[in-house]
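The file model.tsv comes next; it holds TSV, C-alpha atoms.
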```
chain	number	residue	atom	x	y	z
A	554	MET	CA	93.72	162.04	126.87
A	555	GLN	CA	91.27	163.03	124.15
A	556	MET	CA	94.11	164.85	122.37
A	557	ALA	CA	96.26	161.69	122.52
A	558	ILE	CA	93.37	159.75	121.00
A	559	LEU	CA	93.12	162.36	118.26
A	560	ALA	CA	96.88	162.18	117.60
A	561	ALA	CA	96.60	158.38	117.29
A	562	LYS	CA	94.29	158.86	114.30
A	563	ARG	CA	97.34	160.10	112.34
A	564	SER	CA	99.18	156.81	112.94
A	565	THR	CA	100.36	154.88	109.90
A	566	CYS	CA	100.83	151.62	111.83
A	567	LEU	CA	98.77	148.71	110.56
A	568	ARG	CA	98.64	146.90	113.94
A	569	ARG	CA	98.06	149.52	116.62
A	570	GLN	CA	97.35	153.24	116.47
A	571	VAL	CA	99.00	155.05	119.38
A	572	GLY	CA	99.00	158.73	120.25
A	573	ALA	CA	100.88	160.70	122.91
A	574	VAL	CA	100.77	164.23	124.31
A	575	LEU	CA	103.42	165.84	126.53
A	576	VAL	CA	102.10	168.52	128.89
A	577	LYS	CA	103.92	170.81	131.31
A	578	ASP	CA	102.48	173.65	133.37
A	579	ASN	CA	99.10	173.16	131.64
A	580	GLN	CA	100.71	173.76	128.24
A	581	ILE	CA	101.08	171.21	125.46
A	582	LEU	CA	104.77	170.73	124.70
A	583	SER	CA	104.36	168.26	121.85
A	584	THR	CA	102.34	165.42	120.41
A	585	GLY	CA	103.34	162.20	118.71
A	586	TYR	CA	101.89	159.17	116.99
A	587	ASN	CA	103.45	155.94	115.85
A	588	GLY	CA	104.63	155.63	112.29
A	589	SER	CA	107.62	155.42	109.98
A	590	PRO	CA	110.44	157.99	110.28
A	591	LYS	CA	110.36	161.11	108.11
A	592	GLY	CA	110.99	160.34	104.45
A	593	ILE	CA	110.60	156.56	104.91
A	594	SER	CA	107.80	154.55	103.29
A	595	HIS	CA	104.87	153.80	105.55
A	596	CYS	CA	103.85	150.24	106.43
A	597	ALA	CA	100.60	150.81	104.54
A	598	GLU	CA	102.77	151.13	101.42
A	599	VAL	CA	105.34	148.37	102.01
A	600	GLY	CA	103.66	146.05	104.52
A	601	CYS	CA	104.18	145.36	108.20
A	602	LEU	CA	107.51	143.74	109.03
A	603	ARG	CA	106.12	142.41	112.32
A	604	GLU	CA	103.10	140.82	110.61
A	605	THR	CA	105.26	139.28	107.89
A	606	ASN	CA	107.54	137.69	110.50
A	607	SER	CA	104.74	136.77	112.97
A	608	VAL	CA	106.33	138.79	115.78
A	609	PRO	CA	104.16	138.62	118.92
A	610	SER	CA	103.01	141.86	120.53
A	611	GLY	CA	105.31	143.08	123.28
A	612	THR	CA	108.46	141.44	121.89
A	613	MET	CA	111.33	142.29	119.54
A	614	HIS	CA	110.52	146.00	119.25
A	615	GLU	CA	113.53	146.50	116.99
A	616	LEU	CA	111.74	144.61	114.20
A	617	CYS	CA	109.53	147.50	113.17
A	618	ARG	CA	109.80	150.42	110.76
A	619	GLY	CA	107.87	152.68	113.11
A	620	VAL	CA	108.85	155.19	115.72
A	621	HIS	CA	106.63	154.96	118.81
A	622	ALA	CA	104.24	157.79	119.69
A	623	GLU	CA	106.07	158.46	122.97
A	624	GLN	CA	109.40	158.64	121.13
A	625	ASN	CA	108.00	161.04	118.55
A	626	ALA	CA	106.55	163.29	121.28
A	627	LEU	CA	109.94	163.39	123.04
A	628	ILE	CA	111.76	164.09	119.76
A	629	GLN	CA	109.36	166.91	118.88
A	630	ALA	CA	109.79	168.47	122.32
A	631	GLY	CA	113.56	168.37	121.82
A	632	LEU	CA	113.38	169.80	118.30
A	633	ASN	CA	111.22	172.64	119.62
A	634	GLY	CA	113.59	173.32	122.54
A	635	SER	CA	111.10	172.34	125.26
A	636	SER	CA	112.36	170.75	128.47
A	637	THR	CA	110.45	167.60	129.45
A	638	ARG	CA	111.68	167.70	133.06
A	639	GLY	CA	108.59	167.46	135.25
A	640	ALA	CA	106.20	167.03	132.30
A	641	THR	CA	103.25	164.65	132.21
A	642	LEU	CA	102.71	162.18	129.38
A	643	TYR	CA	99.26	161.19	128.17
A	644	CYS	CA	99.38	158.11	125.97
A	645	THR	CA	96.67	155.94	124.47
A	646	HIS	CA	98.65	152.79	125.33
A	647	GLN	CA	101.01	151.77	128.10
A	648	PRO	CA	104.61	152.44	127.02
A	649	CYS	CA	106.93	149.56	126.13
A	650	SER	CA	110.21	149.06	128.00
A	651	ILE	CA	112.18	151.02	125.36
A	652	CYS	CA	109.86	154.01	125.71
A	653	ALA	CA	109.85	153.60	129.51
A	654	ARG	CA	113.63	154.10	129.56
A	655	LEU	CA	113.33	157.25	127.45
A	656	ILE	CA	110.50	158.58	129.65
A	657	ILE	CA	112.58	157.97	132.77
A	658	ASN	CA	115.62	159.76	131.33
A	659	ALA	CA	113.41	162.64	130.12
A	660	GLU	CA	112.48	163.08	133.82
A	661	ILE	CA	108.76	162.61	133.23
A	662	LYS	CA	107.21	161.55	136.52
A	663	THR	CA	103.58	160.83	135.60
A	664	VAL	CA	102.17	158.81	132.71
A	665	TYR	CA	98.45	158.48	132.00
A	666	ILE	CA	97.30	155.67	129.72
A	667	SER	CA	93.92	154.53	128.40
A	668	ASP	CA	94.98	151.00	127.32
A	669	THR	CA	97.41	148.52	128.85
A	670	TYR	CA	100.24	146.77	127.01
A	671	PRO	CA	101.99	143.47	127.84
A	672	ASP	CA	105.44	144.68	128.96
A	673	GLN	CA	106.34	143.77	132.54
A	674	LEU	CA	109.85	145.21	132.21
A	675	ALA	CA	108.37	148.65	131.52
A	676	GLU	CA	106.35	148.42	134.73
A	677	LEU	CA	109.40	147.28	136.70
A	678	LEU	CA	111.48	150.19	135.32
A	679	PHE	CA	108.74	152.73	136.11
A	680	THR	CA	108.38	151.37	139.65
A	681	GLU	CA	112.11	151.51	140.31
A	682	ALA	CA	112.39	155.04	138.87
A	683	GLY	CA	109.35	156.32	140.77
A	684	VAL	CA	107.30	157.09	137.66
A	685	GLU	CA	103.59	157.08	138.45
A	686	LEU	CA	101.49	155.11	135.95
A	687	LEU	CA	97.75	155.84	135.95
A	688	HIS	CA	95.06	154.12	133.92
A	689	TYR	CA	92.31	156.45	132.72
A	690	ASP	CA	89.11	154.69	131.67
A	691	ILE	CA	87.71	156.75	128.79
A	692	GLU	CA	84.20	155.32	129.12
A	693	THR	CA	83.73	155.88	132.85
A	694	GLY	CA	86.14	158.77	133.40
A	695	ARG	CA	87.65	156.87	136.34
A	696	MET	CA	91.31	156.93	137.19
A	697	LYS	CA	93.18	153.95	138.66
A	698	ARG	CA	96.76	153.99	139.84
A	699	MET	CA	98.68	151.09	138.31
A	700	LEU	CA	102.11	151.84	139.85
```
For this file, write the structure as structure tokens.
Amino acid sequence: MQMAILAAKRSTCLRRQVGAVLVKDNQILSTGYNGSPKGISHCAEVGCLRETNSVPSGTMHELCRGVHAEQNALIQAGLNGSSTRGATLYCTHQPCSICARLIINAEIKTVYISDTYPDQLAELLFTEAGVELLHYDIETGRMKRML
């Protein structure tokens, strides 16, 4: 989880810095953080589309320049030729429903998070797909199963 927190520091998002790490067989497959796609201006340069349009957190994910940390970690694993089947995802924030669908199809069965996120559909999808969601409290080191 500490590596996901470190990856989040590279985020170019003005609203929320998110980091993700994909691990399989005790080996890091890839990392990701949220930010604009390669070659596209960052929000710090052009402003936040979601802020400008007063888009509430947890809604209308398509109104954003950024690629989510989970998405970037999955893309990097694919670009590097690493299978995600059976991998574990460590993410600083609970995945949204879009990322949940990608995680399910990538055959990731366990997701650790350090912060929650208001997306009930993501939780419903994880439950139905049998993806285990665990909340890791950084301060206490305690683990709590969410799903």
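Of note, CA of Ile666 in chain A and CA of Ser594 in chain A are spaced 28.5 Å apart.
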inquiry  = Taking 2 positions as the minimum chain separation for residues in the same chain, which residues sit within 7 Å of range 614-621 of chain A when counting all atoms listed in the file? Answer as a list in words.
reply    = Tyr586, Asn587, Gly588, Ser589, Pro590, Leu602, Arg603, Thr612, Glu623, Gln624 and Asn625 of chain A
inquiry  = Within 9 Å of (110.1, 169.3, 128.4) (file coordinates; only C-alpha atoms), which protein or nucleic acid residues are there? I'd like them as number ranges by chain.
reply    = A: 575-577, 582-583, 627, 630-631, 634-640, 659-661
For the residues in that selection, give me C-alpha atoms as a JSON list (two decimals), keeping the file's coordinate frame.
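The resulting file, again-v8.json, is shown below:
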```json
[["chain", "number", "residue", "atom", "x", "y", "z"],
["A", 575, "LEU", "CA", 103.42, 165.84, 126.53],
["A", 576, "VAL", "CA", 102.10, 168.52, 128.89],
["A", 577, "LYS", "CA", 103.92, 170.81, 131.31],
["A", 582, "LEU", "CA", 104.77, 170.73, 124.70],
["A", 583, "SER", "CA", 104.36, 168.26, 121.85],
["A", 627, "LEU", "CA", 109.94, 163.39, 123.04],
["A", 630, "ALA", "CA", 109.79, 168.47, 122.32],
["A", 631, "GLY", "CA", 113.56, 168.37, 121.82],
["A", 634, "GLY", "CA", 113.59, 173.32, 122.54],
["A", 635, "SER", "CA", 111.10, 172.34, 125.26],
["A", 636, "SER", "CA", 112.36, 170.75, 128.47],
["A", 637, "THR", "CA", 110.45, 167.60, 129.45],
["A", 638, "ARG", "CA", 111.68, 167.70, 133.06],
["A", 639, "GLY", "CA", 108.59, 167.46, 135.25],
["A", 640, "ALA", "CA", 106.20, 167.03, 132.30],
["A", 659, "ALA", "CA", 113.41, 162.64, 130.12],
["A", 660, "GLU", "CA", 112.48, 163.08, 133.82],
["A", 661, "ILE", "CA", 108.76, 162.61, 133.23]]
```
request  = Excluding Ala573 in chain A and residues on its chain fewer than 2 positions from it, collect all residues at most 12 Å away from it, counting all atoms listed in the file, and give them as a PyMOL selection string.
outcome  = chain A and resi 554-564+570-571+575-576+581-587+621-630+641-648+652+656+664-667
inquiry  = Residues near Ala597 in chain A, anyone? I mean within 9 Å using all atoms listed in the file, not counting same-chain ones fewer than 5 positions away, as a PyMOL selection string.
reply    = chain A and resi 565-567
